[in-house]
Amino acid sequence: MRYRSLVITTFLFIAPSLVLAGEATISWTPPTICADGSPLNLCPTSGFRIYGALIGQVKLLLASPPATATSHLIANLAPGNWCFDMTTLAGLSESVRSNEACKTVPAPAPNPPNITGVTAVAVVPGINMAPVYKVQNDGSRGAAVVGFVPLWTPCAGSVLFSYRSQAYRRVDSGAVRWWGAAQTGKVAAACG
């Protein structure tokens, strides 16, 4: 049907504490003539289809970019060696597959270790949760408990304040079980 070339530019999405997924940006040069050599206006492009799979697996349709596109991001790729090819659409007709281009999606990096080695501790014997307070703009402790974190939740950074002989450090607000308070990103728990 048409001639086209395929080039792959790669990117990797990395976010801490998430299952990481690779991405590949597929780029191509749109066809300029029909496969039989006739002018493109006799077989106008209506879109493209991108196929891909891990090496050794059957390629599946991953995306159908519009005729105006010259690149497309394929996200959520598992680690491994991926290969892609594509076709051009003209109405309901589909061209033969393009040349193949491959990319290695690396395995995600592990989360960094807790560099302080400090975790949330019990302040009331027999309770398996540590109280969490909002950290005020001046770095002091808010007046009320805003939630709780499970014991052994990692703490980060230096001591922000002390309360009832306990040192309080930052904890991840995603680990907090909120207790009748608006969620905030600046919270601290008793840590030791």
# chains A, B, ... in the order shown; residues from 1 in each chain; ligands from 1
>>> residues_around(residues="Val132 in chain A", least_positions_apart="6", cutoff="7 Å", atoms="only C-alpha atoms", output="PyMOL selection string")
chain A and resi 145-149+187-189
>>> write_last_selection(atoms="N, CA and C atoms", output="PDB file, in the first residue's frame")
ATOM      1  N   VAL A 145      -4.300  15.646  67.153  1.00  0.00           N
ATOM      2  CA  VAL A 145      -3.926  14.460  66.382  1.00  0.00           C
ATOM      3  C   VAL A 145      -4.778  14.456  65.110  1.00  0.00           C
ATOM      4  N   VAL A 146      -4.126  14.289  63.927  1.00  0.00           N
ATOM      5  CA  VAL A 146      -4.865  14.290  62.663  1.00  0.00           C
ATOM      6  C   VAL A 146      -5.036  12.884  62.096  1.00  0.00           C
ATOM      7  N   GLY A 147      -4.323  11.929  62.675  1.00  0.00           N
ATOM      8  CA  GLY A 147      -4.426  10.556  62.204  1.00  0.00           C
ATOM      9  C   GLY A 147      -3.422   9.662  62.900  1.00  0.00           C
ATOM     10  N   PHE A 148      -3.280   8.450  62.341  1.00  0.00           N
ATOM     11  CA  PHE A 148      -2.373   7.466  62.919  1.00  0.00           C
ATOM     12  C   PHE A 148      -1.648   6.734  61.799  1.00  0.00           C
ATOM     13  N   VAL A 149      -0.436   6.256  62.088  1.00  0.00           N
ATOM     14  CA  VAL A 149       0.292   5.387  61.155  1.00  0.00           C
ATOM     15  C   VAL A 149       0.622   4.096  61.891  1.00  0.00           C
ATOM     16  N   VAL A 187       3.116  16.073  57.691  1.00  0.00           N
ATOM     17  CA  VAL A 187       2.735  15.427  58.942  1.00  0.00           C
ATOM     18  C   VAL A 187       3.951  14.754  59.578  1.00  0.00           C
ATOM     19  N   ALA A 188       3.885  14.556  60.874  1.00  0.00           N
ATOM     20  CA  ALA A 188       4.969  13.919  61.626  1.00  0.00           C
ATOM     21  C   ALA A 188       4.380  12.957  62.643  1.00  0.00           C
ATOM     22  N   ALA A 189       5.169  11.909  62.929  1.00  0.00           N
ATOM     23  CA  ALA A 189       4.758  10.897  63.907  1.00  0.00           C
ATOM     24  C   ALA A 189       5.894  10.682  64.892  1.00  0.00           C
TER      25      ALA A 189
END
>>> select_by_dssp(residues="range 68-101 of chain A", states="strand (DSSP E or B)", output="list in words")
Ser71, His72, Leu73, Ile74, Ala75, Asn76, Leu77, Gly80, Asn81, Trp82, Cys83, Phe84, Asp85, Met86, Thr87, Thr88, Leu89, Ala90, Ser93, Glu94 and Ala101 of chain A
>>> residues_around(residues="range 66-81 of chain A", least_positions_apart="3", cutoff="6 Å", atoms="only C-alpha atoms", output="list in words")
Ala21, Gly22, Glu23, Ala24, Thr25, Ile26, Ser27, Trp28, Thr45, Ser46, Gly47, Leu54, Ile55, Lys103, Thr104, Val105, Pro106 and Ala107 of chain A
>>> write_last_selection(atoms="C-alpha atoms", output="PDB file, in the first residue's frame")
ATOM      1  CA  ALA A  21       6.270   0.796  33.814  1.00  0.00           C
ATOM      2  CA  GLY A  22       8.338   1.534  30.749  1.00  0.00           C
ATOM      3  CA  GLU A  23       7.305   3.743  27.891  1.00  0.00           C
ATOM      4  CA  ALA A  24       8.311   3.978  24.261  1.00  0.00           C
ATOM      5  CA  THR A  25       7.638   6.827  21.869  1.00  0.00           C
ATOM      6  CA  ILE A  26       7.136   5.452  18.386  1.00  0.00           C
ATOM      7  CA  SER A  27       8.000   7.966  15.629  1.00  0.00           C
ATOM      8  CA  TRP A  28       7.595   7.566  11.886  1.00  0.00           C
ATOM      9  CA  THR A  45      -4.068   7.959   4.744  1.00  0.00           C
ATOM     10  CA  SER A  46      -6.870   7.502   7.282  1.00  0.00           C
ATOM     11  CA  GLY A  47      -4.663   6.479  10.209  1.00  0.00           C
ATOM     12  CA  LEU A  54       7.953  -8.681  24.024  1.00  0.00           C
ATOM     13  CA  ILE A  55      10.421 -10.616  21.879  1.00  0.00           C
ATOM     14  CA  LYS A 103      13.687  -1.229  22.654  1.00  0.00           C
ATOM     15  CA  THR A 104      14.736  -2.658  26.010  1.00  0.00           C
ATOM     16  CA  VAL A 105      12.548  -1.619  28.935  1.00  0.00           C
ATOM     17  CA  PRO A 106      14.685  -2.002  32.066  1.00  0.00           C
ATOM     18  CA  ALA A 107      13.357  -3.510  35.279  1.00  0.00           C
TER      19      ALA A 107
END
>>> residues_around(residues="range 155-160 of chain A", least_positions_apart="3", cutoff="7 Å", atoms="only C-alpha atoms", output="PyMOL selection string")
chain A and resi 116+118-120+139+167-171+191
>>> write_last_selection(atoms="N, CA and C atoms", output="PDB file, in the first residue's frame")
ATOM      1  N   THR A 116      17.359   6.940  57.386  1.00  0.00           N
ATOM      2  CA  THR A 116      17.459   7.294  58.796  1.00  0.00           C
ATOM      3  C   THR A 116      17.391   6.052  59.677  1.00  0.00           C
ATOM      4  N   VAL A 118      14.868   4.951  61.000  1.00  0.00           N
ATOM      5  CA  VAL A 118      13.940   5.291  62.067  1.00  0.00           C
ATOM      6  C   VAL A 118      12.525   4.976  61.607  1.00  0.00           C
ATOM      7  N   THR A 119      11.732   4.412  62.502  1.00  0.00           N
ATOM      8  CA  THR A 119      10.346   4.081  62.192  1.00  0.00           C
ATOM      9  C   THR A 119       9.418   4.583  63.291  1.00  0.00           C
ATOM     10  N   ALA A 120       8.118   4.612  62.974  1.00  0.00           N
ATOM     11  CA  ALA A 120       7.122   5.051  63.953  1.00  0.00           C
ATOM     12  C   ALA A 120       7.115   4.100  65.141  1.00  0.00           C
ATOM     13  N   GLY A 139       7.217  24.883  61.562  1.00  0.00           N
ATOM     14  CA  GLY A 139       7.871  23.638  61.956  1.00  0.00           C
ATOM     15  C   GLY A 139       7.393  23.075  63.280  1.00  0.00           C
ATOM     16  N   ALA A 167      10.515  12.049  70.007  1.00  0.00           N
ATOM     17  CA  ALA A 167      10.964  12.814  68.845  1.00  0.00           C
ATOM     18  C   ALA A 167       9.990  12.559  67.690  1.00  0.00           C
ATOM     19  N   TYR A 168       9.587  13.613  66.998  1.00  0.00           N
ATOM     20  CA  TYR A 168       8.663  13.506  65.869  1.00  0.00           C
ATOM     21  C   TYR A 168       9.389  13.873  64.575  1.00  0.00           C
ATOM     22  N   ARG A 169       9.218  12.998  63.568  1.00  0.00           N
ATOM     23  CA  ARG A 169       9.811  13.203  62.249  1.00  0.00           C
ATOM     24  C   ARG A 169       8.715  13.055  61.197  1.00  0.00           C
ATOM     25  N   ARG A 170       9.038  13.480  59.974  1.00  0.00           N
ATOM     26  CA  ARG A 170       8.083  13.370  58.858  1.00  0.00           C
ATOM     27  C   ARG A 170       7.768  11.907  58.559  1.00  0.00           C
ATOM     28  N   VAL A 171       6.504  11.661  58.185  1.00  0.00           N
ATOM     29  CA  VAL A 171       6.073  10.365  57.661  1.00  0.00           C
ATOM     30  C   VAL A 171       5.310  10.632  56.363  1.00  0.00           C
ATOM     31  N   CYS A 191       8.769   8.907  66.358  1.00  0.00           N
ATOM     32  CA  CYS A 191       9.696   8.000  65.674  1.00  0.00           C
ATOM     33  C   CYS A 191      10.886   7.711  66.565  1.00  0.00           C
TER      34      CYS A 191
END
>>> atom_distance(atom1="CA of Ala130 in chain A", atom2="CA of Phe161 in chain A")
15.2 Å
>>> closest_residue(among="A:Val176, A:Asn99, A:Thr153, A:Lys186", to="Ser140 in chain A", atoms="only C-alpha atoms")
A:Lys186
>>> closest_residue(among="A:Pro154, A:Gly192, A:Gly142, A:Pro31", to="Pro44 in chain A", atoms="only C-alpha atoms")
A:Pro31
>>> closest_residue(among="A:Gly185, A:Thr32, A:Thr88, A:Gly52", to="Asn137 in chain A", atoms="only C-alpha atoms")
A:Gly185
>>> select_by_dssp(residues="range 8-192 of chain A", states="helix (DSSP H, G or I)", output="ChimeraX atom specification")
/A:40-42,173-175
